[in-house]
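J.: I'd like to ask you about the structure that follows.
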Amino acid sequence: MALLAELTHRCPLQCPYCSNPLNLEKVAGEMRTDEWLRALREAADLGCMQVHFSGGEPTVRTDLEELVAGATEAGLYTNLITSGVLLDEARLARLVAAGLEHVHLSFQDAEVPGGDRIGGYRGGHEKKIAVAAMVRAAGLPLTANFVVHRQNVDRLEAMLDLAVEIGAHRAEIANVQYYGWALKNRAALMPTRAQLDHMTEIVTAARERLKGVLVIDYVVPDYYAQRPKSCMGGWGRRFLNISPSGKVLPCHAAETITNMEFDSVRQRSLADIWANSSAFNRFRGTDWMPEPCRSCDRKEIDWGGCRCQAFAITGDAARTDPACGLSVDHGLLVDAAVSESAADREEFVYRRYGAAAKEPVKA
Ligand code: SF4
Ligand code: FES
């Protein structure tokens, strides 16, 4: 079991596909150090093996070293999911001394113009390359994460080259998943079917060529799928997320399901929320499933797909994931993919506090 600890929604970058909710939590509501330390101990007691420190940008929190040390003491494997732009050698050394075991560094593109434009942060791309060198010099394993979409997919080969150059052990090539900010920017991000096919060819060839050098994880876009992914490995089965203010979520995007309520670890123990909360039990297992999932032989393989996507597309999180070709809503997804991948839109609505209602802007 894994815990995603979203320490803050503050972030110097403004990626238009951010998985954080449109209503970003403010600093005043963030959990204190002692509250996070208790939550980390409770996560370990519950059976979590690893914690991914994320955000927003987790290095914004000045107590990150203390939290890494607390997690390590609780027996959790620690991973830092970061944009890297706020890290320097001294901070990284303190994190390593606290027990940090892995760094997951996000890139917005393979080169400066695209990277800085998509992230909305000038100088970010070069800083990330410097941080990658620091991470390797510190002896930590490194995953390079590239979120791909229509505006950077032509540089996929260069992304894989970059991952090798910086000494990453693993590259994560993740197509945008369309909830929250990404849903808002879907018409500027959706790749065409031809781009997706080309992407898959490049990844397949690179996996062969880079065997023993680079492991490549590849997340395809649901919009062109026939069967859905097993999102979160099934709702409430092996993943939990704690938001900056302590809300415990079965999925990092669960707050996009606006008609659900989530309990806080400030008020109830993690074990109690995991076992008894209405949010975790709502879509756990198979009893909640409608047809065609209920009588489908894949229901314990993909668990009916993604609840956030069902809500985003149909307004009802309890429907079969429209990514499934057997869903009566599948056409909605296909139509959106075809029309929006052909859209003539490059501008983004950048992820910022208070920007949820804004119109797209150029960087
Ligand atoms: Fe999965 Fe439901 Fe589609 Fe079957 S019908 S493949 S269980 S989403
Ligand atoms: Fe939330 Fe799939 S992203 S269940």
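Convention: chains lettered A, B, ... in structure tokens order; per-chain residue numbering from 1; ligands numbered from 1 as shown.
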Per residue of chain A within 12 Å of ligand 2, record the nearest atom pair and its distance in Å to one decimal, counting only C-alpha atoms and all ligand atoms, with rows in chain order and ascending residue number, as JSON lines.

T.:
{"residue": "A:Ser19", "atom": "CA", "partner": "ligand 2", "partner_atom_place_in_ligand_line": "3 (S)", "distance": 8.8}
{"residue": "A:Asn20", "atom": "CA", "partner": "ligand 2", "partner_atom_place_in_ligand_line": "3 (S)", "distance": 11.0}
{"residue": "A:Pro21", "atom": "CA", "partner": "ligand 2", "partner_atom_place_in_ligand_line": "1 (Fe)", "distance": 11.5}
{"residue": "A:Val176", "atom": "CA", "partner": "ligand 2", "partner_atom_place_in_ligand_line": "3 (S)", "distance": 11.2}
{"residue": "A:Gln177", "atom": "CA", "partner": "ligand 2", "partner_atom_place_in_ligand_line": "3 (S)", "distance": 7.7}
{"residue": "A:Tyr178", "atom": "CA", "partner": "ligand 2", "partner_atom_place_in_ligand_line": "3 (S)", "distance": 8.6}
{"residue": "A:Tyr179", "atom": "CA", "partner": "ligand 2", "partner_atom_place_in_ligand_line": "3 (S)", "distance": 7.3}
{"residue": "A:Gly180", "atom": "CA", "partner": "ligand 2", "partner_atom_place_in_ligand_line": "3 (S)", "distance": 10.0}
{"residue": "A:Ala182", "atom": "CA", "partner": "ligand 2", "partner_atom_place_in_ligand_line": "3 (S)", "distance": 11.8}
{"residue": "A:Leu183", "atom": "CA", "partner": "ligand 2", "partner_atom_place_in_ligand_line": "3 (S)", "distance": 11.9}
{"residue": "A:Asp222", "atom": "CA", "partner": "ligand 2", "partner_atom_place_in_ligand_line": "2 (Fe)", "distance": 10.6}
{"residue": "A:Pro228", "atom": "CA", "partner": "ligand 2", "partner_atom_place_in_ligand_line": "2 (Fe)", "distance": 9.8}
{"residue": "A:Lys229", "atom": "CA", "partner": "ligand 2", "partner_atom_place_in_ligand_line": "2 (Fe)", "distance": 8.4}
{"residue": "A:Ser230", "atom": "CA", "partner": "ligand 2", "partner_atom_place_in_ligand_line": "2 (Fe)", "distance": 8.1}
{"residue": "A:Cys231", "atom": "CA", "partner": "ligand 2", "partner_atom_place_in_ligand_line": "2 (Fe)", "distance": 4.6}
{"residue": "A:Met232", "atom": "CA", "partner": "ligand 2", "partner_atom_place_in_ligand_line": "4 (S)", "distance": 6.2}
{"residue": "A:Gly233", "atom": "CA", "partner": "ligand 2", "partner_atom_place_in_ligand_line": "4 (S)", "distance": 9.0}
{"residue": "A:Gly234", "atom": "CA", "partner": "ligand 2", "partner_atom_place_in_ligand_line": "4 (S)", "distance": 7.7}
{"residue": "A:Trp235", "atom": "CA", "partner": "ligand 2", "partner_atom_place_in_ligand_line": "4 (S)", "distance": 6.5}
{"residue": "A:Gly236", "atom": "CA", "partner": "ligand 2", "partner_atom_place_in_ligand_line": "4 (S)", "distance": 9.6}
{"residue": "A:Arg237", "atom": "CA", "partner": "ligand 2", "partner_atom_place_in_ligand_line": "4 (S)", "distance": 11.4}
{"residue": "A:Phe239", "atom": "CA", "partner": "ligand 2", "partner_atom_place_in_ligand_line": "4 (S)", "distance": 10.5}
{"residue": "A:Leu240", "atom": "CA", "partner": "ligand 2", "partner_atom_place_in_ligand_line": "1 (Fe)", "distance": 10.9}
{"residue": "A:Asn241", "atom": "CA", "partner": "ligand 2", "partner_atom_place_in_ligand_line": "1 (Fe)", "distance": 10.7}
{"residue": "A:Leu249", "atom": "CA", "partner": "ligand 2", "partner_atom_place_in_ligand_line": "1 (Fe)", "distance": 9.2}
{"residue": "A:Pro250", "atom": "CA", "partner": "ligand 2", "partner_atom_place_in_ligand_line": "4 (S)", "distance": 7.5}
{"residue": "A:Cys251", "atom": "CA", "partner": "ligand 2", "partner_atom_place_in_ligand_line": "1 (Fe)", "distance": 4.7}
{"residue": "A:His252", "atom": "CA", "partner": "ligand 2", "partner_atom_place_in_ligand_line": "1 (Fe)", "distance": 6.3}
{"residue": "A:Ala253", "atom": "CA", "partner": "ligand 2", "partner_atom_place_in_ligand_line": "1 (Fe)", "distance": 4.8}
{"residue": "A:Ala254", "atom": "CA", "partner": "ligand 2", "partner_atom_place_in_ligand_line": "1 (Fe)", "distance": 5.0}
{"residue": "A:Glu255", "atom": "CA", "partner": "ligand 2", "partner_atom_place_in_ligand_line": "1 (Fe)", "distance": 8.4}
{"residue": "A:Thr256", "atom": "CA", "partner": "ligand 2", "partner_atom_place_in_ligand_line": "1 (Fe)", "distance": 8.1}
{"residue": "A:Ile257", "atom": "CA", "partner": "ligand 2", "partner_atom_place_in_ligand_line": "1 (Fe)", "distance": 8.4}
{"residue": "A:Thr258", "atom": "CA", "partner": "ligand 2", "partner_atom_place_in_ligand_line": "1 (Fe)", "distance": 12.0}
{"residue": "A:Ala279", "atom": "CA", "partner": "ligand 2", "partner_atom_place_in_ligand_line": "4 (S)", "distance": 11.7}
{"residue": "A:Phe280", "atom": "CA", "partner": "ligand 2", "partner_atom_place_in_ligand_line": "4 (S)", "distance": 11.2}
{"residue": "A:Arg282", "atom": "CA", "partner": "ligand 2", "partner_atom_place_in_ligand_line": "4 (S)", "distance": 11.7}
{"residue": "A:Phe283", "atom": "CA", "partner": "ligand 2", "partner_atom_place_in_ligand_line": "4 (S)", "distance": 9.3}
{"residue": "A:Arg284", "atom": "CA", "partner": "ligand 2", "partner_atom_place_in_ligand_line": "4 (S)", "distance": 10.9}
{"residue": "A:Asp302", "atom": "CA", "partner": "ligand 2", "partner_atom_place_in_ligand_line": "2 (Fe)", "distance": 10.7}
{"residue": "A:Trp303", "atom": "CA", "partner": "ligand 2", "partner_atom_place_in_ligand_line": "4 (S)", "distance": 10.0}
{"residue": "A:Gly304", "atom": "CA", "partner": "ligand 2", "partner_atom_place_in_ligand_line": "4 (S)", "distance": 9.8}
{"residue": "A:Gly305", "atom": "CA", "partner": "ligand 2", "partner_atom_place_in_ligand_line": "2 (Fe)", "distance": 6.9}
{"residue": "A:Cys306", "atom": "CA", "partner": "ligand 2", "partner_atom_place_in_ligand_line": "2 (Fe)", "distance": 3.7}
{"residue": "A:Arg307", "atom": "CA", "partner": "ligand 2", "partner_atom_place_in_ligand_line": "4 (S)", "distance": 4.3}
{"residue": "A:Cys308", "atom": "CA", "partner": "ligand 2", "partner_atom_place_in_ligand_line": "1 (Fe)", "distance": 4.3}
{"residue": "A:Gln309", "atom": "CA", "partner": "ligand 2", "partner_atom_place_in_ligand_line": "2 (Fe)", "distance": 6.2}
{"residue": "A:Ala310", "atom": "CA", "partner": "ligand 2", "partner_atom_place_in_ligand_line": "2 (Fe)", "distance": 8.6}
{"residue": "A:Phe311", "atom": "CA", "partner": "ligand 2", "partner_atom_place_in_ligand_line": "1 (Fe)", "distance": 9.3}
{"residue": "A:Ala312", "atom": "CA", "partner": "ligand 2", "partner_atom_place_in_ligand_line": "3 (S)", "distance": 10.0}
{"residue": "A:Ala317", "atom": "CA", "partner": "ligand 2", "partner_atom_place_in_ligand_line": "4 (S)", "distance": 8.9}
{"residue": "A:Ala318", "atom": "CA", "partner": "ligand 2", "partner_atom_place_in_ligand_line": "4 (S)", "distance": 10.8}
{"residue": "A:Arg319", "atom": "CA", "partner": "ligand 2", "partner_atom_place_in_ligand_line": "4 (S)", "distance": 11.9}
{"residue": "A:Thr320", "atom": "CA", "partner": "ligand 2", "partner_atom_place_in_ligand_line": "4 (S)", "distance": 11.6}
{"residue": "A:Asp321", "atom": "CA", "partner": "ligand 2", "partner_atom_place_in_ligand_line": "2 (Fe)", "distance": 9.1}
{"residue": "A:Pro322", "atom": "CA", "partner": "ligand 2", "partner_atom_place_in_ligand_line": "2 (Fe)", "distance": 11.7}
{"residue": "A:Ala323", "atom": "CA", "partner": "ligand 2", "partner_atom_place_in_ligand_line": "2 (Fe)", "distance": 11.1}

J.: List the spatial neighbours of Glu89 (chain A) as a PyMOL selection string - criterion: any atom at most 9 Å away, only C-alpha atoms, same-chain residues fewer than 6 positions off excluded.

T.: chain A and resi 131+134-135+138

J.: So that I can check the surroundings of Leu7 (chain A), please list as an MDAnalysis selection string every protein, DNA and RNA residue that reaches within 12 Å of it, counting only C-alpha atoms and ignoring chain neighbours fewer than 2 positions away.

T.: chainID A and resid 3:5 9:11 20 25:27 29:33 35:37 39:40 51:64 67:68 80:82 241:247

J.: When you count only C-alpha atoms and all ligand atoms, which of these residues is closest to ligand 1: A:Trp288, A:Tyr17, A:Tyr353, A:Tyr121?

T.: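 Closest to ligand 1, using only C-alpha atoms and all ligand atoms: A:Trp288.
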
J.: Return the single residue from A:Gly325, A:Gly70, A:Gly124, A:Gly119 that is closest to Val85 (chain A), with distances computed using only C-alpha atoms.

T.: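 Closest residue, counting only C-alpha atoms: A:Gly124.
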
J.: Could you pull out the helix (DSSP H, G or I) residues of region 135-273 of chain A, going by DSSP on the backbone, and write them as a ChimeraX atom specification?

T.: /A:135-137,153-165,180-184,186-189,193-209,222-224,231-233,254-256,270-273

J.: Kindly indicate which residue among A:Asp316, A:Glu359, A:Glu340, A:Glu300 lies nearest to ligand 1, using only C-alpha atoms and all ligand atoms for the distances.

T.: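 Among A:Asp316, A:Glu359, A:Glu340, A:Glu300, it is A:Glu300 that comes nearest to ligand 1.
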
J.: Would you compute the distance between CA of Val215 (chain A) and CA of Arg170 (chain A)? Give it in Å to one decimal.

T.: 4.6 Å

J.: Looking at only C-alpha atoms, which of A:Ala132, A:Ile173, A:Leu189, A:Leu24 is the one that sits closest to Thr204 (chain A)?

T.: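 Answer, going by the shortest atom-to-atom distance: A:Ile173.
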
J.: Choose the residue, out of A:Gln226, A:Asn276, A:Gln267, A:Asn259, that has the smallest atom-to-atom separation from ligand 1; count only C-alpha atoms and all ligand atoms.

T.: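 For ligand 1, the nearest of the given residues is A:Gln226.
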